[in-house]
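A.B. asks: Here it is: the structure, laid out below.
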Amino acid sequence: LGAEVQFRGRHRAGVGTWKGIARFLRTHEDFIERVLTEIDTRGPMPASELNLGAKGAQGWWGWSEGKRALECLFWVGDLTAATRRGTFERVYGVSDKVLPRVVRETPTPPREEAQRELIRIAARAQGVATERDLRDYFRMPVADTKARIAELVAGGELAPVEVTGWGQLAYLHPEARRPRKITANALLSPFDNLIWFRERTERLFDTRIRLEIYTPAHKRVHGYYVLPFLQGEAITARVDLKAERKKGALLVQSAHAEPGADDATPSLLAGELRLMAGWLGLDRVEVQPKGDLAERLAAAL
């Protein structure tokens, strides 16, 4: 955590951050300090409860000035996520009051060492990855990522390798192991690190995953909040899910099969849906008749 805070933070000049955040940091210093004082005084709160600055436009990215200030403070490390609400809304708190003492008292590493540690984490999580894969994991700068990878290769911590069909150099973590067989099944959040970087997802699974939350309803292909289904080593289906709490049901608004689907897919997917309904506190799973897998999935349930 210290490495990530160091990479994200302590750069009031906006080094390494998005252009909009960097610009706001430079042009609204006094306002940003007012926001920090407000959170420090009142305690953790979401952007929706911060009544400072001009309001934003409607829509996902129509941020108010208060929200922009909060994101600036989050970037530089003065604020962190105290929690998230059920609507996925981030609640911001002063880092020194939210982070555990052991984190606060851990010496901050130099920027280069923090970056090397982030690359190590990314490589360990992915096993084998390209430079772009490693860079995207923590959204690091291009030149810094290439420099840190070269250092880790020189130190024997990463091994350059070729992966058939990838068409670009990859790097292997020394602890990566290839199991003889993978039998696990899982419904994947669209924000899961396994599929978040779409370029890597297409290379690994030969399937195109796109988040359609921000797509107008009439243009969506698979639905609003779609979870891919990982069956062994393949993504074999996608389901658009909604928790209907008043009905006590997990609603499958659509179910689509992928080319890798087989005869076992409906029953295995049904098992994962029942499991999800259970930990959501819902009594049953209902399938609407939309998508080429819907009928077989309903039968399996």
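Ordered as shown in the structure tokens, chains take letters A, B, and onward, while each chain numbers its residues from 1 and ligands are numbered from 1 in the order shown.
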What's the 10 Å shell around Glu162 in chain A, counting only C-alpha atoms, without same-chain residues fewer than 2 positions away, as a VMD selection string?
C.D. replies: chain A and resid 128 130 160 164 to 172
A.B. asks: Which residues, written as a list in words, have at least one atom at most 9 Å from range 42-50 of chain A, with only C-alpha atoms counted and residues fewer than 5 positions away on the same chain left out?
C.D. replies: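 With the cut-off at 9 Å, the set is Val35, Thr37, Ser64, Gly66, Lys67, Leu70, Ala81, Ala82, Thr83, Arg84, Arg85, Glu89, Arg90, Val91, Tyr92, Gly93, Val94 and Val98 of chain A.
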A.B. asks: So the first atom is CA of Asn193 in chain A and the second is CA of Leu211 in chain A; what is the distance between them in Å, to one decimal place?
C.D. replies: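 CA of Leu211 in chain A lies 13.6 Å from CA of Asn193 in chain A.
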A.B. asks: Out of A:Arg274, A:Lys146, A:His256, A:Arg245, which residue has the shortest atom-to-atom distance to Glu112 in chain A when counting only C-alpha atoms?
C.D. replies: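 Selected residue with least distance to Glu112 in chain A: A:Lys146.
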A.B. asks: Where in range 102-202 of chain A does DSSP assign strand (DSSP E or B), given as a list in words?
C.D. replies: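 Across range 102-202 of chain A, those assigned strand (DSSP E or B) are Val128, Ala129, Thr130, Ala159, Pro160, Val161, Ala170, Tyr171, Leu172, Asn185, Ala186 and Leu187 of chain A.
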A.B. asks: Select, from A:Phe205, A:Asp262, A:Asp78, A:Leu301, the residue with the minimum atom-to-atom distance to Asp40 in chain A, counting only C-alpha atoms.
C.D. replies: A:Asp78
A.B. asks: Please extract the residues of range 59-288 of chain A with a backbone DSSP assignment of alpha helix (DSSP H) and present them as a PyMOL selection string.
C.D. replies: chain A and resi 65-76+95-98+101-104+111-126+131-137+142-154+198-205+265-279
A.B. asks: Choose the residue, out of A:Asp96, A:Glu65, A:Asp240, A:Asp136, that has the smallest atom-to-atom separation from Val287 in chain A; count only C-alpha atoms.
C.D. replies: A:Asp240
A.B. asks: From the set A:Thr207, A:Thr145, A:Ser189, A:Asn51, which residue has the shortest atom-to-atom contact distance to Leu227 in chain A, counting only C-alpha atoms?
C.D. replies: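 Of the candidates, the smallest distance to Leu227 in chain A is held by A:Ser189.
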A.B. asks: What is the distance, in Å and to one decimal place, between CA of Cys72 in chain A and CA of Arg111 in chain A?
C.D. replies: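 Computing the Euclidean distance for CA of Cys72 in chain A and CA of Arg111 in chain A yields 18.7 Å.
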A.B. asks: Name the residues in contact with Arg148 in chain A at a cut-off of 7 Å, using only C-alpha atoms, excluding same-chain residues fewer than 3 positions from it; report them as a PDB file with C-alpha atoms, in the first residue's frame.
C.D. replies:
ATOM      1  CA  GLN A 115       7.374   1.870  -9.131  1.00  0.00           C
ATOM      2  CA  ARG A 116       9.501  -1.285  -9.142  1.00  0.00           C
ATOM      3  CA  ASP A 144       8.895   4.977 -16.167  1.00  0.00           C
ATOM      4  CA  THR A 145       7.378   1.542 -16.751  1.00  0.00           C
ATOM      5  CA  GLU A 151      15.873  -2.829 -14.135  1.00  0.00           C
ATOM      6  CA  LEU A 152      13.874  -5.852 -12.962  1.00  0.00           C
TER       7      LEU A 152
END
A.B. asks: Return the single residue from A:Gly86, A:Lys247, A:Val221, A:Thr215 that is closest to Leu282 in chain A, with distances computed using only C-alpha atoms.
C.D. replies: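 Of all the options, A:Lys247 lies closest to Leu282 in chain A.
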